[in-house]
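Undergrad: Before we start, here is the structure in question, set down as structure tokens.
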Amino acid sequence: MISTLMRRAKGALAVTIATGALLTVTAPAQAAPAPTLTAAGAIVVDGTNGATLMAKDADTKRPMASTTKIMTALVVATLPGLNLDQKVTVKQEYLDYVYVKGGSSAQLKAGATPTVRQLLYGMMLPSGDDAAYALADTFGTGTTLAARTADFIAKMNAKAKELGLANTVYDSFDGISPTGQNLTSPRDLANLTRHAMTNTLFQTLVKTTTYSTGGTSSVAAWSNTNLLIQPRPTGYAYPGAIGIKTGWTTPAGKCLVFSVVRNGKTIIGVLLNDEERYMDSMALSDWALGPAAGSKTALQRSNTEPIPDVLD
């Protein structure tokens with residue numbers, strides 16, 4: 001009799017837990033284990049309250065590659081009195097830097113005068129290191145290019161300290177680290193992104209698929225390297241994806257910060273050093289929010305419809 005009552009009690013408890021789980025964003029995480037990932041470090045958080053839904057080595061410092069540009073964009077976007085229509089002259093030094101470093105480029109033209117707005121798109125969509133350099137040079141303080149970019153990086157570190165990102169340090173405005181000390185953790189990067197996504201300009205930048213260069217670049221339009229938001233056949237067209245940023249360097253591996261909205265819920269995920277960053281991001285999103293119509297199509301791969309992983 002006692003054992004029967006215990007079994008009934010356990011059954012009732014299980015029902016209560018399962019029922020309660022259905023009422024929260026973390027329901028899938030409680031109902032089933034998170035997908036196995038190839039990422040060295042990862043985290044998924046509730047985009048509204050920051051609650052951790054899953055984590056894998058989430059507090060270890062790692063190189064972040066071009067996800068660095070999340071902070072670069074945030075520093076610029078939150079500058080007092082920012083004039084997005086301010087024109088900036090593209091210096092040959094920006095282009096030489098990209099060539100020497102082998103970095104990703106917005107393919108800006110020397111002597112062109114893009115606006116600050118255009119430079120932000122040039123940095124966040126094609127992940128242009130030349131555009132990032134132009135922004136750092138423009139909004140840093142100093143009498144030389146080196147002094148101005150160093151000052152801008154100091155502003156990035158000050159913002160990280162202000163936001164309590166204890167495992168984050170910048171030595172770069174674009175993710176090409178000169179010292180190997182451009183580091184963050186998945187948790188810090190998720191917290192930074194949650195903060196950045198409260199800025200309407202930042203939100204608009206990261207969800208844009210293409211943007212006209214206005215003749216300031218050798219290409220007519222910039223395309224977002226984040227394949228989650230790109231339509232087929234060049235992207236995954238993942239349901240509910242709203243950004244954020246890709247990154248790749250040899251030390252960092254493939255990185256992705258992503259956000260997905262579904263059924264009124266938002267998640268933010270970070271994957272560092274993940275060879276299968278897109279498959280992992282979609283599997284995590286389906287796990288955290290439940291699959292949506294189109295999820296299976298987004299996850300499909302085929303020989304006739306290859307989706308190239310753009311490296312930046």
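Within each chain, counting starts at residue 1; across the structure tokens, chains are named A, B, ... in the order shown, with ligands numbered 1 upward in that order.
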Do a neighbour search on Phe139 of chain A at 10 Å with only C-alpha atoms, toss out local chain neighbours closer than 5 positions, and write the hits as an mmCIF file with all heavy atoms, in the first residue's frame.
TA:
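Saved result, part_1.cif, follows:
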data_model
loop_
_atom_site.group_PDB
_atom_site.id
_atom_site.type_symbol
_atom_site.label_atom_id
_atom_site.label_comp_id
_atom_site.auth_asym_id
_atom_site.auth_seq_id
_atom_site.Cartn_x
_atom_site.Cartn_y
_atom_site.Cartn_z
ATOM 1 N N VAL A 75 29.003 50.733 -29.046
ATOM 2 C CA VAL A 75 29.693 51.948 -28.609
ATOM 3 C C VAL A 75 29.322 53.116 -29.510
ATOM 4 O O VAL A 75 29.006 54.223 -29.040
ATOM 5 C CB VAL A 75 31.219 51.730 -28.583
ATOM 6 C CG1 VAL A 75 31.952 53.062 -28.410
ATOM 7 C CG2 VAL A 75 31.603 50.781 -27.458
ATOM 8 N N VAL A 76 29.333 52.892 -30.823
ATOM 9 C CA VAL A 76 28.993 53.964 -31.762
ATOM 10 C C VAL A 76 27.521 54.347 -31.628
ATOM 11 O O VAL A 76 27.177 55.529 -31.557
ATOM 12 C CB VAL A 76 29.312 53.546 -33.211
ATOM 13 C CG1 VAL A 76 28.799 54.604 -34.195
ATOM 14 C CG2 VAL A 76 30.811 53.335 -33.396
ATOM 15 N N LEU A 79 26.658 56.668 -28.656
ATOM 16 C CA LEU A 79 27.405 57.902 -28.438
ATOM 17 C C LEU A 79 26.443 59.089 -28.314
ATOM 18 O O LEU A 79 25.497 59.212 -29.102
ATOM 19 C CB LEU A 79 28.372 58.156 -29.589
ATOM 20 C CG LEU A 79 29.626 57.277 -29.639
ATOM 21 C CD1 LEU A 79 30.351 57.473 -30.964
ATOM 22 C CD2 LEU A 79 30.555 57.602 -28.474
ATOM 23 N N LEU A 82 25.042 61.394 -31.514
ATOM 24 C CA LEU A 82 25.496 60.724 -32.734
ATOM 25 C C LEU A 82 24.725 61.233 -33.953
ATOM 26 O O LEU A 82 23.500 61.282 -33.953
ATOM 27 C CB LEU A 82 25.303 59.213 -32.600
ATOM 28 C CG LEU A 82 25.659 58.376 -33.835
ATOM 29 C CD1 LEU A 82 27.153 58.440 -34.116
ATOM 30 C CD2 LEU A 82 25.203 56.930 -33.660
ATOM 31 N N ALA A 134 37.272 52.472 -39.922
ATOM 32 C CA ALA A 134 36.827 53.841 -40.151
ATOM 33 C C ALA A 134 36.048 54.375 -38.953
ATOM 34 O O ALA A 134 36.216 55.538 -38.549
ATOM 35 C CB ALA A 134 35.974 53.900 -41.415
ATOM 36 N N ARG A 148 43.898 57.219 -31.943
ATOM 37 C CA ARG A 148 42.431 57.252 -32.003
ATOM 38 C C ARG A 148 41.831 55.849 -31.911
ATOM 39 O O ARG A 148 40.836 55.643 -31.206
ATOM 40 C CB ARG A 148 41.964 57.962 -33.279
ATOM 41 C CG ARG A 148 42.230 59.469 -33.278
ATOM 42 C CD ARG A 148 41.587 60.170 -34.445
ATOM 43 N NE ARG A 148 42.167 59.805 -35.730
ATOM 44 C CZ ARG A 148 43.245 60.380 -36.269
ATOM 45 N NH1 ARG A 148 43.874 61.359 -35.620
ATOM 46 N NH2 ARG A 148 43.691 59.996 -37.456
ATOM 47 N N THR A 149 42.402 54.891 -32.605
ATOM 48 C CA THR A 149 41.863 53.533 -32.530
ATOM 49 C C THR A 149 42.097 52.935 -31.148
ATOM 50 O O THR A 149 41.236 52.215 -30.626
ATOM 51 C CB THR A 149 42.486 52.631 -33.608
ATOM 52 O OG1 THR A 149 43.913 52.686 -33.537
ATOM 53 C CG2 THR A 149 42.034 53.050 -35.006
ATOM 54 N N ASP A 151 42.132 54.616 -28.379
ATOM 55 C CA ASP A 151 41.140 55.252 -27.515
ATOM 56 C C ASP A 151 39.766 54.620 -27.714
ATOM 57 O O ASP A 151 39.018 54.418 -26.750
ATOM 58 C CB ASP A 151 41.074 56.749 -27.815
ATOM 59 C CG ASP A 151 40.014 57.448 -26.978
ATOM 60 O OD1 ASP A 151 40.242 57.637 -25.770
ATOM 61 O OD2 ASP A 151 38.951 57.790 -27.540
ATOM 62 N N PHE A 152 39.431 54.305 -28.953
ATOM 63 C CA PHE A 152 38.136 53.678 -29.209
ATOM 64 C C PHE A 152 38.059 52.307 -28.544
ATOM 65 O O PHE A 152 37.038 51.954 -27.948
ATOM 66 C CB PHE A 152 37.885 53.543 -30.715
ATOM 67 C CG PHE A 152 36.508 53.035 -31.032
ATOM 68 C CD1 PHE A 152 35.441 53.908 -31.141
ATOM 69 C CD2 PHE A 152 36.263 51.671 -31.173
ATOM 70 C CE1 PHE A 152 34.156 53.445 -31.406
ATOM 71 C CE2 PHE A 152 34.987 51.195 -31.440
ATOM 72 C CZ PHE A 152 33.931 52.084 -31.561
ATOM 73 N N LYS A 155 37.271 52.666 -25.071
ATOM 74 C CA LYS A 155 35.837 52.891 -24.881
ATOM 75 C C LYS A 155 35.080 51.553 -24.866
ATOM 76 O O LYS A 155 34.121 51.371 -24.093
ATOM 77 C CB LYS A 155 35.283 53.777 -25.995
ATOM 78 C CG LYS A 155 35.684 55.250 -25.927
ATOM 79 C CD LYS A 155 35.075 56.023 -27.081
ATOM 80 C CE LYS A 155 35.230 57.533 -26.934
ATOM 81 N NZ LYS A 155 36.641 57.984 -27.009
#
Undergrad: Which polymer residues have any atom within 10 Å of an atom of Pro291 of chain A, counting only C-alpha atoms, with same-chain residues fewer than 5 positions away left out, as a list in words?
TA: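 Using only C-alpha atoms, the neighbours found are Pro239, Arg262, Met282, Ala283, Leu284, Ser285, Asp286 and Lys296 of chain A.
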Undergrad: Next, dump the selected residues to file, keeping only N, CA and C atoms, as a PDB file, in the first residue's frame.
TA:
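The file below, result_8.pdb, is the result:
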ATOM      1  N   PRO A 239      12.903  30.226 -39.483  1.00  0.00           N
ATOM      2  CA  PRO A 239      11.723  30.941 -38.975  1.00  0.00           C
ATOM      3  C   PRO A 239      11.991  31.683 -37.666  1.00  0.00           C
ATOM      4  N   ARG A 262       9.713  33.534 -31.334  1.00  0.00           N
ATOM      5  CA  ARG A 262       8.672  32.576 -31.716  1.00  0.00           C
ATOM      6  C   ARG A 262       7.600  32.550 -30.633  1.00  0.00           C
ATOM      7  N   MET A 282      20.053  26.243 -34.995  1.00  0.00           N
ATOM      8  CA  MET A 282      18.670  25.906 -35.318  1.00  0.00           C
ATOM      9  C   MET A 282      18.135  24.798 -34.419  1.00  0.00           C
ATOM     10  N   ALA A 283      18.987  23.821 -34.128  1.00  0.00           N
ATOM     11  CA  ALA A 283      18.564  22.746 -33.228  1.00  0.00           C
ATOM     12  C   ALA A 283      18.290  23.287 -31.826  1.00  0.00           C
ATOM     13  N   LEU A 284      19.136  24.193 -31.355  1.00  0.00           N
ATOM     14  CA  LEU A 284      18.925  24.800 -30.039  1.00  0.00           C
ATOM     15  C   LEU A 284      17.646  25.638 -30.009  1.00  0.00           C
ATOM     16  N   SER A 285      17.395  26.356 -31.077  1.00  0.00           N
ATOM     17  CA  SER A 285      16.203  27.202 -31.125  1.00  0.00           C
ATOM     18  C   SER A 285      14.936  26.361 -31.121  1.00  0.00           C
ATOM     19  N   ASP A 286      14.927  25.277 -31.899  1.00  0.00           N
ATOM     20  CA  ASP A 286      13.765  24.380 -31.900  1.00  0.00           C
ATOM     21  C   ASP A 286      13.576  23.742 -30.528  1.00  0.00           C
ATOM     22  N   LYS A 296      12.036  22.366 -40.316  1.00  0.00           N
ATOM     23  CA  LYS A 296      12.633  21.191 -40.957  1.00  0.00           C
ATOM     24  C   LYS A 296      13.244  21.561 -42.301  1.00  0.00           C
TER      25      LYS A 296
END
Undergrad: In Å, how far is it from atom CA of Gly111 of chain A to atom CA of Lys91 of chain A?
TA: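 Atom CA of Lys91 of chain A lies at a distance of 6.3 Å from atom CA of Gly111 of chain A.
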Undergrad: May I ask for the distance between atom CA of Lys87 of chain A and atom CA of Ser104 of chain A, given in Å to one decimal place?
TA: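 Between atom CA of Lys87 of chain A and atom CA of Ser104 of chain A the gap is 22.2 Å.
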Undergrad: Which residues are close to Thr52 of chain A, i.e. within 10 Å by only C-alpha atoms, leaving aside same-chain residues fewer than 2 positions away? Reply as a PyMOL selection string.
TA: chain A and resi 26+43-47+49-50+54-55+187+190+267-269
Undergrad: Could those residues be written to a file, using all heavy atoms, as an mmCIF file, in the first residue's frame?
TA:
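selection_14.cif, written as the output of this step:
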data_model
loop_
_atom_site.group_PDB
_atom_site.id
_atom_site.type_symbol
_atom_site.label_atom_id
_atom_site.label_comp_id
_atom_site.auth_asym_id
_atom_site.auth_seq_id
_atom_site.Cartn_x
_atom_site.Cartn_y
_atom_site.Cartn_z
ATOM 1 N N THR A 26 11.471 27.842 -20.572
ATOM 2 C CA THR A 26 12.405 26.742 -20.384
ATOM 3 C C THR A 26 11.743 25.382 -20.507
ATOM 4 O O THR A 26 12.375 24.368 -20.268
ATOM 5 C CB THR A 26 13.073 26.839 -18.988
ATOM 6 O OG1 THR A 26 12.057 26.858 -17.990
ATOM 7 C CG2 THR A 26 13.910 28.092 -18.891
ATOM 8 N N ILE A 43 25.866 29.050 -24.983
ATOM 9 C CA ILE A 43 24.823 29.390 -24.023
ATOM 10 C C ILE A 43 23.569 29.806 -24.788
ATOM 11 O O ILE A 43 23.667 30.334 -25.902
ATOM 12 C CB ILE A 43 25.265 30.526 -23.069
ATOM 13 C CG1 ILE A 43 24.357 30.601 -21.837
ATOM 14 C CG2 ILE A 43 25.308 31.864 -23.785
ATOM 15 C CD1 ILE A 43 24.904 31.498 -20.731
ATOM 16 N N VAL A 44 22.418 29.546 -24.201
ATOM 17 C CA VAL A 44 21.148 30.074 -24.693
ATOM 18 C C VAL A 44 20.450 30.716 -23.502
ATOM 19 O O VAL A 44 20.348 30.098 -22.439
ATOM 20 C CB VAL A 44 20.250 28.977 -25.302
ATOM 21 C CG1 VAL A 44 18.899 29.567 -25.716
ATOM 22 C CG2 VAL A 44 20.922 28.327 -26.496
ATOM 23 N N VAL A 45 20.002 31.957 -23.671
ATOM 24 C CA VAL A 45 19.331 32.664 -22.589
ATOM 25 C C VAL A 45 17.979 33.177 -23.054
ATOM 26 O O VAL A 45 17.746 33.368 -24.254
ATOM 27 C CB VAL A 45 20.172 33.852 -22.054
ATOM 28 C CG1 VAL A 45 21.526 33.369 -21.573
ATOM 29 C CG2 VAL A 45 20.310 34.948 -23.108
ATOM 30 N N ASP A 46 17.095 33.389 -22.108
ATOM 31 C CA ASP A 46 15.818 34.041 -22.360
ATOM 32 C C ASP A 46 16.114 35.498 -22.704
ATOM 33 O O ASP A 46 16.755 36.216 -21.929
ATOM 34 C CB ASP A 46 14.949 33.948 -21.102
ATOM 35 C CG ASP A 46 13.550 34.501 -21.287
ATOM 36 O OD1 ASP A 46 13.418 35.607 -21.858
ATOM 37 O OD2 ASP A 46 12.585 33.837 -20.861
ATOM 38 N N GLY A 47 15.659 35.937 -23.864
ATOM 39 C CA GLY A 47 15.964 37.289 -24.305
ATOM 40 C C GLY A 47 15.305 38.363 -23.479
ATOM 41 O O GLY A 47 15.726 39.516 -23.510
ATOM 42 N N ASN A 49 14.381 38.055 -19.820
ATOM 43 C CA ASN A 49 14.868 38.171 -18.441
ATOM 44 C C ASN A 49 16.297 37.682 -18.238
ATOM 45 O O ASN A 49 16.827 37.768 -17.134
ATOM 46 C CB ASN A 49 13.919 37.438 -17.479
ATOM 47 C CG ASN A 49 13.775 35.958 -17.821
ATOM 48 O OD1 ASN A 49 14.694 35.320 -18.322
ATOM 49 N ND2 ASN A 49 12.595 35.401 -17.556
ATOM 50 N N GLY A 50 16.911 37.138 -19.283
ATOM 51 C CA GLY A 50 18.298 36.706 -19.191
ATOM 52 C C GLY A 50 18.510 35.359 -18.536
ATOM 53 O O GLY A 50 19.652 34.934 -18.362
ATOM 54 N N MET A 54 20.339 26.910 -21.338
ATOM 55 C CA MET A 54 21.358 25.868 -21.430
ATOM 56 C C MET A 54 22.723 26.533 -21.462
ATOM 57 O O MET A 54 22.836 27.702 -21.822
ATOM 58 C CB MET A 54 21.171 24.982 -22.668
ATOM 59 C CG MET A 54 21.486 25.618 -24.020
ATOM 60 S SD MET A 54 23.276 25.792 -24.450
ATOM 61 C CE MET A 54 23.797 24.096 -24.385
ATOM 62 N N ALA A 55 23.734 25.805 -21.055
ATOM 63 C CA ALA A 55 25.089 26.351 -21.058
ATOM 64 C C ALA A 55 26.098 25.225 -21.232
ATOM 65 O O ALA A 55 25.907 24.119 -20.726
ATOM 66 C CB ALA A 55 25.370 27.112 -19.760
ATOM 67 N N ARG A 187 28.662 33.526 -21.867
ATOM 68 C CA ARG A 187 27.705 34.237 -21.005
ATOM 69 C C ARG A 187 27.843 35.749 -21.156
ATOM 70 O O ARG A 187 26.843 36.470 -21.267
ATOM 71 C CB ARG A 187 27.899 33.827 -19.545
ATOM 72 C CG ARG A 187 26.743 34.275 -18.648
ATOM 73 C CD ARG A 187 26.959 33.859 -17.199
ATOM 74 N NE ARG A 187 27.319 32.464 -17.039
ATOM 75 C CZ ARG A 187 26.438 31.457 -17.018
ATOM 76 N NH1 ARG A 187 25.146 31.712 -17.161
ATOM 77 N NH2 ARG A 187 26.841 30.216 -16.861
ATOM 78 N N ALA A 190 26.380 36.823 -24.486
ATOM 79 C CA ALA A 190 24.913 36.812 -24.454
ATOM 80 C C ALA A 190 24.382 38.021 -23.701
ATOM 81 O O ALA A 190 23.406 38.670 -24.132
ATOM 82 C CB ALA A 190 24.411 35.522 -23.806
ATOM 83 N N ILE A 267 14.806 34.204 -27.653
ATOM 84 C CA ILE A 267 16.029 33.646 -27.085
ATOM 85 C C ILE A 267 17.232 34.299 -27.753
ATOM 86 O O ILE A 267 17.148 34.788 -28.885
ATOM 87 C CB ILE A 267 16.121 32.116 -27.260
ATOM 88 C CG1 ILE A 267 16.092 31.727 -28.743
ATOM 89 C CG2 ILE A 267 15.049 31.409 -26.464
ATOM 90 C CD1 ILE A 267 16.534 30.294 -29.014
ATOM 91 N N ILE A 268 18.329 34.302 -27.034
ATOM 92 C CA ILE A 268 19.623 34.731 -27.563
ATOM 93 C C ILE A 268 20.600 33.597 -27.310
ATOM 94 O O ILE A 268 20.670 33.074 -26.191
ATOM 95 C CB ILE A 268 20.101 36.032 -26.895
ATOM 96 C CG1 ILE A 268 19.219 37.209 -27.334
ATOM 97 C CG2 ILE A 268 21.566 36.311 -27.220
ATOM 98 C CD1 ILE A 268 19.446 38.474 -26.565
ATOM 99 N N GLY A 269 21.332 33.222 -28.342
ATOM 100 C CA GLY A 269 22.286 32.130 -28.221
ATOM 101 C C GLY A 269 23.670 32.545 -28.668
ATOM 102 O O GLY A 269 23.824 33.428 -29.523
#
